[in-house]
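Novice: Following this message is one structure expressed as structure tokens.
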Amino acid sequence: MLIHDQIRTRRRHLGLTQAAMKTRIGMGQQQYQRIEAGGNANLDTLKLIADGLNAELMLIPRQRVQAVLDLLKSADTRTNVENDAPLENPWQDFLADLYEETDT
């Protein structure tokens, strides 16, 4: 799914209109509409939109995409997705190889 489709899907999941996004993120409604329609957005704009949608931007290694999708699908059955109830540490050790642990 392309990012503009993900943005639109997430907004609808939260029950928000495009006009409501204007207030949530401080962006003009026309600019936001263009992004949902497939227009280009810079990283700062995408971060702003993600924050307004209570979401995070992530880069997922291609070889891990299916595993992440599977994890998210299984999470849907274990949480109340409509309320975005968090799982207890759902990512524990899942992406551990991407981060180096440091001794402090």
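Labeling convention for the structure tokens: chains A, B, ... as they appear, residues from 1 per chain, ligands from 1 in order of appearance.
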List the spatial neighbours of stretch 30-40 of chain A as a VMD selection string - criterion: any atom at most 10 Å away, only C-alpha atoms, same-chain residues fewer than 6 positions off excluded.
Specialist: chain A and resid 2 to 9 11 18 to 19 21 to 22 46 49
Novice: Run DSSP on the backbone and grab whatever in stretch 8-66 of chain A lands in helix (DSSP H, G or I); send it over as number ranges by chain.
Specialist: A: 8-13, 18-25, 29-36, 43-52, 62-66
Novice: I'd like to know which of A:Thr45, A:Gln66, A:Ser74, A:Asn54 is closest to A:Leu16, using only C-alpha atoms.
Specialist: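 Comparing A:Thr45, A:Gln66, A:Ser74, A:Asn54 against A:Leu16, the winner is A:Asn54.
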Novice: By how many Å are atom CA of A:Arg24 and atom CA of A:Leu72 apart?
Specialist: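 Answer for the atom CA of A:Arg24 to atom CA of A:Leu72 separation: 25.7 Å.
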Novice: Between A:Leu57, A:Lys73, A:His13, A:Thr23, which one has atoms that come closest to A:Asp44, using only C-alpha atoms?
Specialist: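 Counting only C-alpha atoms, the residue closest to A:Asp44 is A:Leu57.
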Novice: May I ask for the distance between atom CA of A:Asn42 and atom CA of A:Ala67, given in Å to one decimal place?
Specialist: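 Calculated distance between atom CA of A:Asn42 and atom CA of A:Ala67 is 27.5 Å.
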Novice: When distances are computed from only C-alpha atoms, which of A:Ile25, A:Ala75, A:Val65, A:Leu14 shows the smallest separation from A:Asp51?
Specialist: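 Of A:Ile25, A:Ala75, A:Val65, A:Leu14, the one nearest A:Asp51 is A:Ile25, counting only C-alpha atoms.
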Novice: Could you tell me how far atom CA of A:Gly28 lies from atom CA of A:Ile60, in Å and to one decimal?
Specialist: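 Result for atom CA of A:Gly28 versus atom CA of A:Ile60: 29.7 Å, one decimal.
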